[in-house]
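First up is the structure itself, then whatever we jot down about it.
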Amino acid sequence: MPNYKQDWQPLTRPTTPDAPEAGWWLSIYERAWVSRAMDELELTKGYKPSRENPAEGRLKFQFSARGHEVPQLIAAALLDHPHDGAGVYYRSRPFMLGIGLSPFECFASVMHKTAGVSGGRDIGVVFNHKQPGGVTVLPASGDVGAQYTPAVGWAQSIAYRTSRMQQRDWDGAIALTLGGDGSTATNGFWAALNIITPHNYPMVIMIEDNAYALTVPLRYQTSGRTVIDNLASFTGLSLTTVDGWKPQALYPLLRDSLAAARDNGGPQLIHVRVPRLTGHNFQDSQPYKSKQELEQDMARDPLAALAGYLRDEYGVNDVQLSDIEAAMREQARFAAEAAWEQGGEPGPEDATRHLFAPPAAIKQTAPNSEGQRVTMQAAINTCLAEEMERDKTILVFGEDVGRSGGVHRVTDGLQSRFGEERVFDTSLSEEGIVGRAVGMAVNGLRPVPEIQFRKYADPAHEQITDAGTLRWRTNGRFSAPLVLRMPVGYQRMGGDPWHAVCGEAVFAHLPGWQIAYPSNAADAVGLLRTALRGDDPVLFLEHRYLYEHAAARRPYPGTDYLLPFGKAATVRAGHDALVVTWGDGVHRAAEAAALLAEGGQEVEILDLRTIVPYDKEAVLEAVQRIGKALIVHEDNRTCGFGAELAAVIAGEAFSYLDAPVWRVTAEDVPVPCNDILFEAMMPTTRKVHDKLVELLAF
Ligand SMILES: Cc1ncc(C[n+]2csc(CCOP(=O)(O)OP(=O)(O)O)c2C)c(N)n1
């Protein structure tokens with residue numbers, strides 16, 4: 001028996017591209033049959049998922065690609081530049097088989113074995129793939145449409161590497177994304193089109209239109225007959241359409257579209273009609289399709305059509321075709337058994353592995369404490385410039401950050417210094433900003449996107465959650481080290497519901513993101529530099545009031561100044577009560593502590609500096625020493641990060657407490673504009689002071 005794990009090779013393009021030789025078509029046919037056989041095998045007893053008796057089936061999910069195989073495999077054969085990138089979705093297994101993922105690995109994935117692409121963590125059809133000198137399949141998402149903007153990031157990275165970095169080996173590389181007809185209604189699809197078309201990025205989108213999104217027919221997704229009709233007036237996008245059951249038309253169209261994208265012909269959208277020969281998944285028996293529709297689907301099976309083409313055009317006979325089918329079925333069976341027997345089981349300790357990069361040693365130096373104090377805004381700007389000078393892969397972008405230097409002036413002057421390819425304005429799509437950053441980070445660049453205000457991260461939430469879990473989902477094969485800068489909180493004139501949101505607790509709840517929330521200029525520099533040199537995604541929260549506020553100014557700490565994440569700072573020592581806080585809370589607490597010191601009471605203030613990871617040791621040590629703790633934060637109270645801290649203190653330092661753990665936080669409402677309402681809602685110095693008085697008297 002051959003070793004299918006090792007012997008499985010990526011498909012190649014035909015040696016005679018104008019008229020592919022029979023052997024090439026047969027390689028497509030064979031692999032299409034492997035895919036078909038795998039899908040069919042997965043629905044047989046012993047494999048088929050069973051709700052009633054989960055132990056009976058080897059699988060928990062089955063998503064069939066029957067009907068989609070041939071176009072995907074032709075695309076895979078043409079995707080052969082060593083720097084090509086691909087965005088895929090859950091119906092892309094034929095494509096994966098084409099680019100070199102073996103049936104053994106595919107089965108190990110759906111059986112949730114360690115040899116699978118996620119080490120047993122993810123649904124086995126949510127793929128990722130890296131191979132030296134071959135196509136990179138970007139970590140896919142279970143979110144429909146989430147594959148588009150990361151692929152855009154890959155395409156933009158190609159453009160950056162060829163034009164700015166002059167890396168000639170990237171010339172001719174492209175990003176290809178596959179997607180279903182339903183996905184053309186998603187934000188990600190439109191965000192992608194709006195980014196790739198004005199910039200002529202080398203990207204191909206192949207829409208596999210099977211006329212249904214789960215049970216919902218196409219007419220609910222798009223107002224034209226197909227998305228292609230609606231896109232007719234879209235400038236900068238080449239549109240083509242083809243039937244997946246016509247191999248003689250399919251191959252030249254894919255060949256020419258991919259070649260055009262490789263040759264500066266700009267973005268291409270290929271619309272391929274395919275039948276979905278089964279339900280959406282193993283549970284769906286398609287009761288919503290008419291008998292006639294079902295018959296029509298069967299009559300349009302691209303695999304049967306390819307068999308006919310091989311017979312008619314290449315003289316392949318029925319015996320040869322049925323021998324191939326039998327051999328491929330055997331191959332699928334062998335791979336399935338091998339995956340079940342040898343795929344490997346993870347240990348319980350694996351569940352929490354690979355959420356973050358392995359800890360790296362940080363070379364810590366003392367900050368320079370001499371000279372003129374600079375604002376936090378200026379300090380971040382200087383740090384970005386220094387790091388961009390050092391590392392040519394850093395790209396800074398977002399709404400208004402380029403020409404104008406950002407609405408907070410944090411990126412002021414960076415575009416004129418580093419050029420438009422490295423510091424640029426983006427389209428108004430937060431999904432596009434974060435999604436493309438993910439693709440760039442996976443590509444090896446170091447993106448530093450800005451979300452203009454915390455509230456406006458809402459449209460990017462899907463990409464943010466997926467970026468956080470990317471390392472874990474791929475069992476540590478991929479990482480997305482991007483630094484997502486985000487202004488938070490109120491400013492000098494007060495607040496409002498849209499520009500003054502903090503919301504760090506929402507992010508702290510998402511696995512995989514580190515979160516920095518500095519309270520002064522020196523810490524901001526140290527943490528930003530560490531973030532820019534690390535291997536994890538980092539949310540870098542910059543408080544708007546502190547951008548220019550005198551209390552947050554510090555001498556510039558130095559060009560190599562780094563601060564480790566998870567190391568709190570004692571900003572004021574004391575023994576009567578402890579305040580644990582971060583960001584602007586540090587300054588509110590400092591003012592309250594100064595007032596209390598006038599009466600002889602000494603409050604200690606611990607500035608967490610980073611929320612994930614946070615310095616649990618320092619918190620518990622201080623609580624044990626002082627016995628009274630108040631948590632102060634500007635985020636809303638319920639399920640705020642203070643609740644987490646209070647639970648940990650209660651759970652791990654209960655016997656040291658001389659008083660309840662209390663919190664001073666924002667009320668559970670949005671930030672109001674009116675000054676009276678604002679004071680009533682915010683954790684003001686007065687409220688911190690009064691609660692400390694109560695705590696000290698307890
Ligand atoms: C953001 C999001 N919404 C809903 C779903 C549930 N869902 C999974 S597949 C699917 C239909 C997608 O249809 P289409 O893009 O046409 O691809 P097809 O399954 O037909 O290949 C839906 C609604 C999801 N996974 N992600």
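Ordering of the structure tokens sets the chain letters (A, B, ...), residue numbers begin anew at 1 in every chain, and ligands are numbered from 1 in the order given.
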Please, which residues of region 387-630 of chain A, numbered as in this document, come out helix (DSSP H, G or I) from DSSP, as a PyMOL selection string? chain A and resi 387-390+414-418+430-443+454-473+504-508+521-533+545-547+550-552+584-598+616-626
Which chains and residue numbers are within 6 Å of ligand 1, counting only C-alpha atoms and all ligand atoms, if I want them as a ChimeraX atom specification? /A:91,142-144,180-183,210,212-214,280
Emit the selected residues as a CSV table (one decimal), in the first residue's frame, including N, CA, C and O atoms.
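Full text of part-v2.csv as output:
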```
chain,number,residue,atom,x,y,z
A,91,ARG,N,-16.7,24.3,1.9
A,91,ARG,CA,-17.0,23.4,0.8
A,91,ARG,C,-15.8,23.3,-0.1
A,91,ARG,O,-15.9,22.9,-1.3
A,142,GLY,N,-15.3,29.6,10.0
A,142,GLY,CA,-16.6,29.0,9.9
A,142,GLY,C,-17.7,30.1,9.6
A,142,GLY,O,-18.8,29.8,9.3
A,143,ASP,N,-17.2,31.4,9.6
A,143,ASP,CA,-18.1,32.5,9.3
A,143,ASP,C,-18.2,32.7,7.8
A,143,ASP,O,-17.2,33.0,7.2
A,144,VAL,N,-19.4,32.6,7.3
A,144,VAL,CA,-19.5,32.8,5.8
A,144,VAL,C,-19.1,34.2,5.4
A,144,VAL,O,-19.5,35.1,6.0
A,180,GLY,N,-19.2,30.8,-1.8
A,180,GLY,CA,-20.5,30.4,-2.3
A,180,GLY,C,-21.3,31.6,-2.7
A,180,GLY,O,-21.0,32.8,-2.4
A,181,ASP,N,-22.5,31.4,-3.4
A,181,ASP,CA,-23.3,32.5,-3.8
A,181,ASP,C,-23.9,33.2,-2.6
A,181,ASP,O,-24.0,34.5,-2.7
A,182,GLY,N,-24.2,32.5,-1.5
A,182,GLY,CA,-24.7,33.2,-0.4
A,182,GLY,C,-23.7,34.2,0.2
A,182,GLY,O,-24.0,35.3,0.7
A,183,SER,N,-22.4,33.8,0.1
A,183,SER,CA,-21.4,34.7,0.7
A,183,SER,C,-21.3,36.0,-0.1
A,183,SER,O,-20.6,37.0,0.5
A,210,ASN,N,-24.2,27.6,-6.4
A,210,ASN,CA,-25.1,26.4,-6.4
A,210,ASN,C,-26.5,26.7,-6.2
A,210,ASN,O,-27.4,25.9,-5.9
A,212,TYR,N,-28.2,28.0,-3.9
A,212,TYR,CA,-28.7,28.0,-2.5
A,212,TYR,C,-27.7,28.4,-1.5
A,212,TYR,O,-26.5,28.0,-1.6
A,213,ALA,N,-28.2,29.1,-0.5
A,213,ALA,CA,-27.4,29.3,0.7
A,213,ALA,C,-28.1,28.5,1.8
A,213,ALA,O,-29.2,28.9,2.3
A,214,LEU,N,-27.6,27.3,2.2
A,214,LEU,CA,-28.3,26.4,3.0
A,214,LEU,C,-29.7,26.1,2.4
A,214,LEU,O,-29.7,25.4,1.4
A,280,HIS,N,-27.2,20.8,2.2
A,280,HIS,CA,-26.1,21.7,2.7
A,280,HIS,C,-25.1,20.9,3.5
A,280,HIS,O,-23.9,21.0,3.4
```
Distance query region 399-402 of chain A at most 12 Å, only C-alpha atoms, self and fewer than 4 positions along chain excluded, as an mmCIF file with C-alpha atoms, in the first residue's frame:
```cif
data_model
loop_
_atom_site.group_PDB
_atom_site.id
_atom_site.type_symbol
_atom_site.label_atom_id
_atom_site.label_comp_id
_atom_site.auth_asym_id
_atom_site.auth_seq_id
_atom_site.Cartn_x
_atom_site.Cartn_y
_atom_site.Cartn_z
ATOM 1 C CA ASN A 381 4.022 58.617 17.044
ATOM 2 C CA LEU A 395 2.494 49.059 7.661
ATOM 3 C CA GLY A 406 -5.246 60.691 11.798
ATOM 4 C CA VAL A 407 -8.110 62.334 13.616
ATOM 5 C CA HIS A 408 -6.084 61.938 16.823
ATOM 6 C CA ARG A 409 -2.861 63.099 15.109
ATOM 7 C CA VAL A 410 -1.086 59.957 16.269
ATOM 8 C CA THR A 411 0.175 59.081 12.793
ATOM 9 C CA ASP A 412 1.046 62.668 11.924
ATOM 10 C CA GLY A 413 3.931 62.932 9.454
ATOM 11 C CA LEU A 414 4.347 59.197 9.013
ATOM 12 C CA GLN A 415 3.052 59.105 5.464
ATOM 13 C CA SER A 416 5.372 61.827 4.230
ATOM 14 C CA ARG A 417 8.273 60.070 5.902
ATOM 15 C CA PHE A 418 7.553 56.475 4.919
ATOM 16 C CA GLY A 419 5.435 56.801 1.786
ATOM 17 C CA GLU A 420 1.900 55.903 0.824
ATOM 18 C CA GLU A 421 2.521 52.174 0.538
ATOM 19 C CA ARG A 422 3.452 51.953 4.208
ATOM 20 C CA VAL A 423 1.131 54.544 5.709
ATOM 21 C CA PHE A 424 -2.208 54.766 4.006
ATOM 22 C CA ASP A 425 -5.843 55.708 4.209
ATOM 23 C CA THR A 426 -8.326 52.883 3.801
ATOM 24 C CA SER A 427 -11.877 52.504 2.613
ATOM 25 C CA LEU A 428 -14.457 53.029 5.328
ATOM 26 C CA SER A 429 -14.812 49.417 6.320
ATOM 27 C CA GLU A 430 -13.566 48.204 9.675
ATOM 28 C CA GLY A 432 -11.796 45.492 5.612
ATOM 29 C CA ILE A 433 -9.226 47.135 7.871
ATOM 30 C CA VAL A 434 -8.925 44.255 10.305
ATOM 31 C CA VAL A 448 -0.644 48.226 12.518
ATOM 32 C CA PRO A 449 -4.228 49.157 11.687
ATOM 33 C CA GLU A 450 -6.108 51.878 13.516
ATOM 34 C CA ILE A 451 -9.812 51.783 14.345
ATOM 35 C CA GLN A 452 -10.782 55.425 14.569
ATOM 36 C CA PHE A 453 -12.824 55.088 17.763
ATOM 37 C CA TYR A 456 -16.367 51.615 15.359
ATOM 38 C CA ARG A 485 -4.603 50.513 17.752
ATOM 39 C CA MET A 486 -7.821 51.900 19.108
#
```
Determine which residues of region 107-292 of chain A receive a DSSP assignment of strand (DSSP E), computed from the backbone, and state them as a compact mmCIF listing (two decimals) with all heavy atoms, in the first residue's frame.
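Below is the file that was written, selection-v5.txt:
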```txt
# COMPACT_ATOMS: atom_id res chain seq x y z
N THR A 136 -0.12 28.93 0.09
CA THR A 136 -0.54 29.01 1.49
C THR A 136 -2.05 29.14 1.52
O THR A 136 -2.61 30.04 0.89
CB THR A 136 0.07 30.27 2.16
OG1 THR A 136 1.49 30.15 2.11
CG2 THR A 136 -0.38 30.40 3.61
N VAL A 137 -2.70 28.25 2.23
CA VAL A 137 -4.14 28.41 2.42
C VAL A 137 -4.35 29.13 3.74
O VAL A 137 -3.99 28.62 4.81
CB VAL A 137 -4.87 27.06 2.40
CG1 VAL A 137 -6.35 27.24 2.69
CG2 VAL A 137 -4.67 26.38 1.05
N ALA A 175 -3.63 36.11 -5.02
CA ALA A 175 -4.51 35.54 -3.99
C ALA A 175 -5.77 35.07 -4.69
O ALA A 175 -6.31 35.79 -5.54
CB ALA A 175 -4.85 36.59 -2.94
N LEU A 176 -6.18 33.87 -4.38
CA LEU A 176 -7.43 33.34 -4.94
C LEU A 176 -8.38 33.06 -3.78
O LEU A 176 -7.97 32.48 -2.78
CB LEU A 176 -7.15 32.02 -5.67
CG LEU A 176 -8.38 31.18 -6.04
CD1 LEU A 176 -9.11 31.80 -7.23
CD2 LEU A 176 -7.99 29.74 -6.39
N THR A 177 -9.62 33.49 -3.90
CA THR A 177 -10.60 33.16 -2.86
C THR A 177 -11.78 32.43 -3.45
O THR A 177 -12.30 32.83 -4.49
CB THR A 177 -11.21 34.41 -2.21
OG1 THR A 177 -10.31 35.45 -2.31
CG2 THR A 177 -11.58 34.15 -0.78
N LEU A 178 -12.19 31.40 -2.76
CA LEU A 178 -13.39 30.69 -3.14
C LEU A 178 -14.53 31.11 -2.23
O LEU A 178 -14.28 31.44 -1.06
CB LEU A 178 -13.17 29.18 -3.01
CG LEU A 178 -11.90 28.59 -3.61
CD1 LEU A 178 -11.87 27.07 -3.41
CD2 LEU A 178 -11.77 28.94 -5.08
N GLY A 179 -15.74 31.10 -2.75
CA GLY A 179 -16.89 31.46 -1.90
C GLY A 179 -18.17 30.98 -2.55
O GLY A 179 -18.21 30.76 -3.77
N GLY A 180 -19.21 30.84 -1.75
CA GLY A 180 -20.51 30.41 -2.29
C GLY A 180 -21.34 31.62 -2.70
O GLY A 180 -21.00 32.77 -2.40
N MET A 203 -5.83 39.66 -7.40
CA MET A 203 -6.74 38.77 -6.68
C MET A 203 -7.82 38.21 -7.60
O MET A 203 -8.34 38.92 -8.46
CB MET A 203 -7.38 39.55 -5.53
CG MET A 203 -8.38 38.73 -4.74
SD MET A 203 -8.33 39.17 -3.01
CE MET A 203 -9.91 38.51 -2.49
N VAL A 204 -8.11 36.96 -7.39
CA VAL A 204 -9.18 36.29 -8.14
C VAL A 204 -10.21 35.78 -7.13
O VAL A 204 -9.84 35.16 -6.14
CB VAL A 204 -8.64 35.09 -8.95
CG1 VAL A 204 -9.78 34.41 -9.71
CG2 VAL A 204 -7.53 35.52 -9.89
N ILE A 205 -11.46 36.08 -7.39
CA ILE A 205 -12.54 35.54 -6.55
C ILE A 205 -13.32 34.55 -7.41
O ILE A 205 -13.75 34.90 -8.51
CB ILE A 205 -13.47 36.66 -6.05
CG1 ILE A 205 -12.69 37.64 -5.16
CG2 ILE A 205 -14.66 36.07 -5.29
CD1 ILE A 205 -13.51 38.83 -4.69
N MET A 206 -13.45 33.35 -6.92
CA MET A 206 -14.26 32.37 -7.67
C MET A 206 -15.51 32.05 -6.86
O MET A 206 -15.43 31.48 -5.78
CB MET A 206 -13.45 31.09 -7.92
CG MET A 206 -14.22 30.09 -8.78
SD MET A 206 -13.18 28.74 -9.38
CE MET A 206 -13.59 27.45 -8.22
N ILE A 207 -16.65 32.49 -7.41
CA ILE A 207 -17.93 32.23 -6.73
C ILE A 207 -18.53 30.94 -7.28
O ILE A 207 -18.78 30.82 -8.48
CB ILE A 207 -18.92 33.41 -6.97
CG1 ILE A 207 -18.36 34.71 -6.38
CG2 ILE A 207 -20.29 33.08 -6.37
CD1 ILE A 207 -18.07 34.67 -4.89
N GLU A 208 -18.72 30.00 -6.38
CA GLU A 208 -19.33 28.72 -6.77
C GLU A 208 -20.82 28.82 -6.47
O GLU A 208 -21.23 28.71 -5.31
CB GLU A 208 -18.68 27.59 -5.99
CG GLU A 208 -17.20 27.44 -6.32
CD GLU A 208 -16.46 26.61 -5.28
OE1 GLU A 208 -16.94 25.52 -4.92
OE2 GLU A 208 -15.40 27.05 -4.82
N ASP A 209 -21.55 29.11 -7.51
CA ASP A 209 -22.98 29.41 -7.34
C ASP A 209 -23.79 28.12 -7.50
O ASP A 209 -24.00 27.65 -8.61
CB ASP A 209 -23.37 30.45 -8.41
CG ASP A 209 -24.85 30.77 -8.40
OD1 ASP A 209 -25.59 30.20 -7.56
OD2 ASP A 209 -25.28 31.58 -9.24
N TYR A 212 -28.16 28.02 -3.88
CA TYR A 212 -28.74 27.99 -2.53
C TYR A 212 -27.71 28.37 -1.48
O TYR A 212 -26.53 28.04 -1.61
CB TYR A 212 -29.27 26.59 -2.18
CG TYR A 212 -30.62 26.31 -2.81
CD1 TYR A 212 -30.70 25.78 -4.08
CD2 TYR A 212 -31.80 26.63 -2.12
CE1 TYR A 212 -31.93 25.56 -4.68
CE2 TYR A 212 -33.02 26.40 -2.71
CZ TYR A 212 -33.10 25.87 -3.99
OH TYR A 212 -34.32 25.66 -4.58
N ALA A 213 -28.15 29.07 -0.46
CA ALA A 213 -27.36 29.25 0.75
C ALA A 213 -28.11 28.50 1.83
O ALA A 213 -29.17 28.94 2.28
CB ALA A 213 -27.25 30.73 1.10
N VAL A 216 -31.81 28.69 1.53
CA VAL A 216 -32.33 29.95 1.01
C VAL A 216 -31.92 30.14 -0.45
O VAL A 216 -30.72 30.14 -0.76
CB VAL A 216 -31.83 31.14 1.87
CG1 VAL A 216 -32.35 32.46 1.32
CG2 VAL A 216 -32.25 30.95 3.32
N PRO A 217 -32.89 30.32 -1.36
CA PRO A 217 -32.54 30.44 -2.78
C PRO A 217 -31.86 31.77 -3.10
O PRO A 217 -31.97 32.75 -2.37
CB PRO A 217 -33.87 30.31 -3.49
CG PRO A 217 -34.91 30.61 -2.48
CD PRO A 217 -34.33 30.31 -1.13
N SER A 238 -12.75 42.44 -13.56
CA SER A 238 -13.09 41.64 -14.75
C SER A 238 -14.06 40.55 -14.34
O SER A 238 -13.79 39.81 -13.40
CB SER A 238 -11.84 40.98 -15.33
OG SER A 238 -10.96 41.95 -15.75
N LEU A 239 -15.15 40.46 -15.05
CA LEU A 239 -16.20 39.50 -14.70
C LEU A 239 -16.32 38.43 -15.77
O LEU A 239 -16.35 38.73 -16.96
CB LEU A 239 -17.55 40.22 -14.62
CG LEU A 239 -17.69 41.31 -13.57
CD1 LEU A 239 -18.99 42.06 -13.79
CD2 LEU A 239 -17.69 40.70 -12.18
N THR A 240 -16.39 37.20 -15.33
CA THR A 240 -16.64 36.12 -16.27
C THR A 240 -17.61 35.14 -15.63
O THR A 240 -17.70 35.06 -14.40
CB THR A 240 -15.34 35.36 -16.63
OG1 THR A 240 -14.59 35.20 -15.45
CG2 THR A 240 -14.53 36.09 -17.66
N THR A 241 -18.29 34.40 -16.46
CA THR A 241 -19.24 33.43 -15.93
C THR A 241 -19.17 32.16 -16.77
O THR A 241 -18.91 32.22 -17.98
CB THR A 241 -20.66 34.04 -15.89
OG1 THR A 241 -21.50 33.16 -15.18
CG2 THR A 241 -21.23 34.30 -17.25
N VAL A 242 -19.33 31.02 -16.12
CA VAL A 242 -19.17 29.76 -16.85
C VAL A 242 -19.94 28.67 -16.11
O VAL A 242 -20.16 28.75 -14.90
CB VAL A 242 -17.66 29.40 -16.94
CG1 VAL A 242 -17.05 29.09 -15.59
CG2 VAL A 242 -17.40 28.25 -17.91
N ASP A 243 -20.34 27.65 -16.86
CA ASP A 243 -20.99 26.49 -16.25
C ASP A 243 -19.94 25.47 -15.84
O ASP A 243 -19.10 25.07 -16.66
CB ASP A 243 -21.98 25.85 -17.24
CG ASP A 243 -23.14 26.78 -17.56
OD1 ASP A 243 -23.48 27.61 -16.68
OD2 ASP A 243 -23.67 26.71 -18.68
N GLN A 268 -10.11 39.78 -10.65
CA GLN A 268 -10.97 38.98 -11.53
C GLN A 268 -12.05 38.33 -10.68
O GLN A 268 -11.75 37.81 -9.60
CB GLN A 268 -10.16 37.84 -12.17
CG GLN A 268 -8.82 38.23 -12.72
CD GLN A 268 -8.93 38.88 -14.10
OE1 GLN A 268 -9.71 38.38 -14.93
NE2 GLN A 268 -8.22 39.97 -14.32
N LEU A 269 -13.27 38.36 -11.16
CA LEU A 269 -14.32 37.61 -10.48
C LEU A 269 -14.89 36.57 -11.44
O LEU A 269 -15.36 36.92 -12.52
CB LEU A 269 -15.42 38.54 -9.97
CG LEU A 269 -16.41 37.83 -9.03
CD1 LEU A 269 -16.83 38.75 -7.90
CD2 LEU A 269 -17.65 37.33 -9.77
N ILE A 270 -14.75 35.33 -11.04
CA ILE A 270 -15.25 34.23 -11.89
C ILE A 270 -16.49 33.66 -11.22
O ILE A 270 -16.45 33.27 -10.06
CB ILE A 270 -14.20 33.11 -12.01
CG1 ILE A 270 -12.85 33.67 -12.47
CG2 ILE A 270 -14.68 32.01 -12.93
CD1 ILE A 270 -11.69 32.71 -12.27
N HIS A 271 -17.54 33.64 -11.98
CA HIS A 271 -18.80 33.08 -11.47
C HIS A 271 -19.00 31.71 -12.10
O HIS A 271 -19.11 31.60 -13.33
CB HIS A 271 -19.94 34.05 -11.85
CG HIS A 271 -21.30 33.51 -11.58
ND1 HIS A 271 -22.21 33.24 -12.57
CD2 HIS A 271 -21.92 33.21 -10.42
CE1 HIS A 271 -23.33 32.80 -12.04
NE2 HIS A 271 -23.18 32.77 -10.73
N VAL A 272 -18.97 30.68 -11.27
CA VAL A 272 -19.11 29.31 -11.81
C VAL A 272 -20.42 28.72 -11.30
O VAL A 272 -20.63 28.62 -10.08
CB VAL A 272 -17.96 28.39 -11.33
CG1 VAL A 272 -18.03 27.05 -12.06
CG2 VAL A 272 -16.61 29.03 -11.54
N ARG A 273 -21.27 28.34 -12.22
CA ARG A 273 -22.50 27.66 -11.80
C ARG A 273 -22.20 26.19 -11.54
O ARG A 273 -21.54 25.54 -12.38
CB ARG A 273 -23.57 27.78 -12.88
CG ARG A 273 -24.57 28.89 -12.60
CD ARG A 273 -25.68 28.85 -13.62
NE ARG A 273 -25.16 29.16 -14.94
CZ ARG A 273 -25.21 30.37 -15.49
NH1 ARG A 273 -25.77 31.36 -14.85
NH2 ARG A 273 -24.69 30.58 -16.69
```
Leaving out Asp560 (chain A) and any residue of its chain fewer than 3 positions from it, which residues lie within 12 Å of it when counting only C-alpha atoms, given as JSON, numbers by chain? {"A": [362, 363, 364, 365, 366, 367, 368, 382, 383, 386, 387, 390, 522, 525, 526, 527, 528, 529, 530, 533, 556, 557, 563]}
Taking N, CA, C and O atoms for each residue, export the selection above as a compact mmCIF listing (two decimals), in the first residue's frame.
```txt
# COMPACT_ATOMS: atom_id res chain seq x y z
N ILE A 362 12.10 39.34 27.21
CA ILE A 362 12.13 40.76 26.83
C ILE A 362 13.37 41.39 27.47
O ILE A 362 13.59 41.22 28.67
N LYS A 363 14.13 42.06 26.65
CA LYS A 363 15.31 42.73 27.20
C LYS A 363 14.85 44.04 27.85
O LYS A 363 14.53 45.02 27.18
N GLN A 364 14.80 44.01 29.17
CA GLN A 364 14.25 45.17 29.87
C GLN A 364 15.33 46.16 30.24
O GLN A 364 16.38 45.78 30.76
N THR A 365 15.07 47.42 29.95
CA THR A 365 16.01 48.47 30.36
C THR A 365 15.20 49.50 31.14
O THR A 365 13.99 49.59 31.00
N ALA A 366 15.90 50.31 31.93
CA ALA A 366 15.20 51.38 32.66
C ALA A 366 14.84 52.47 31.67
O ALA A 366 15.61 52.75 30.75
N PRO A 367 13.66 53.07 31.82
CA PRO A 367 13.31 54.15 30.90
C PRO A 367 14.16 55.38 31.17
O PRO A 367 14.53 55.65 32.31
N ASN A 368 14.47 56.08 30.11
CA ASN A 368 15.11 57.38 30.30
C ASN A 368 14.14 58.27 31.08
O ASN A 368 12.95 58.34 30.75
N THR A 382 6.31 58.78 17.83
CA THR A 382 7.77 58.59 17.71
C THR A 382 8.12 57.10 17.72
O THR A 382 8.95 56.64 16.94
N CYS A 383 7.46 56.37 18.60
CA CYS A 383 7.74 54.93 18.69
C CYS A 383 7.40 54.23 17.37
O CYS A 383 8.17 53.41 16.87
N GLU A 386 10.11 55.03 14.86
CA GLU A 386 11.36 54.31 15.14
C GLU A 386 11.25 52.84 14.72
O GLU A 386 12.16 52.28 14.12
N GLU A 387 10.12 52.25 15.05
CA GLU A 387 9.96 50.83 14.71
C GLU A 387 9.81 50.64 13.20
O GLU A 387 10.27 49.65 12.64
N ARG A 390 13.15 50.60 11.73
CA ARG A 390 13.85 49.34 12.03
C ARG A 390 13.31 48.17 11.20
O ARG A 390 14.06 47.32 10.75
N ALA A 522 5.34 56.93 28.66
CA ALA A 522 6.48 55.99 28.70
C ALA A 522 5.99 54.55 28.59
O ALA A 522 6.53 53.74 27.84
N VAL A 525 4.93 53.66 25.05
CA VAL A 525 6.05 53.36 24.17
C VAL A 525 6.57 51.94 24.44
O VAL A 525 6.76 51.14 23.51
N GLY A 526 6.78 51.63 25.70
CA GLY A 526 7.33 50.31 26.05
C GLY A 526 6.42 49.18 25.61
O GLY A 526 6.87 48.16 25.08
N LEU A 527 5.12 49.37 25.81
CA LEU A 527 4.17 48.31 25.45
C LEU A 527 3.99 48.21 23.94
O LEU A 527 3.88 47.11 23.38
N LEU A 528 3.96 49.36 23.29
CA LEU A 528 3.79 49.34 21.83
C LEU A 528 4.98 48.64 21.18
O LEU A 528 4.82 47.82 20.27
N ARG A 529 6.16 48.96 21.65
CA ARG A 529 7.36 48.35 21.05
C ARG A 529 7.36 46.83 21.28
O ARG A 529 7.66 46.05 20.38
N THR A 530 6.98 46.42 22.48
CA THR A 530 6.90 44.98 22.75
C THR A 530 5.86 44.33 21.83
O THR A 530 6.09 43.25 21.27
N ARG A 533 7.09 43.77 18.35
CA ARG A 533 8.14 42.77 18.18
C ARG A 533 7.68 41.37 18.62
O ARG A 533 8.46 40.43 18.59
N TYR A 556 10.63 60.96 26.94
CA TYR A 556 10.61 59.83 26.01
C TYR A 556 11.52 58.73 26.57
O TYR A 556 12.69 58.97 26.82
N PRO A 557 11.01 57.50 26.73
CA PRO A 557 11.76 56.51 27.50
C PRO A 557 12.96 55.89 26.79
O PRO A 557 13.76 55.21 27.43
N LEU A 563 8.56 47.16 27.42
CA LEU A 563 7.91 46.78 28.68
C LEU A 563 7.23 45.43 28.49
O LEU A 563 6.49 45.25 27.52
```
Between A:Gly153, A:Pro511, A:Pro202, A:Pro132, which residue has the minimum interatomic distance to Ala173 (chain A), considering only C-alpha atoms? A:Pro202
Could you list, as a ChimeraX atom specification, every residue within 12 Å of region 345-351 of chain A, counting only C-alpha atoms and ignoring same-chain residues fewer than 4 positions away? /A:108-109,111-116,118-122,339-341,355,472-473,475-476
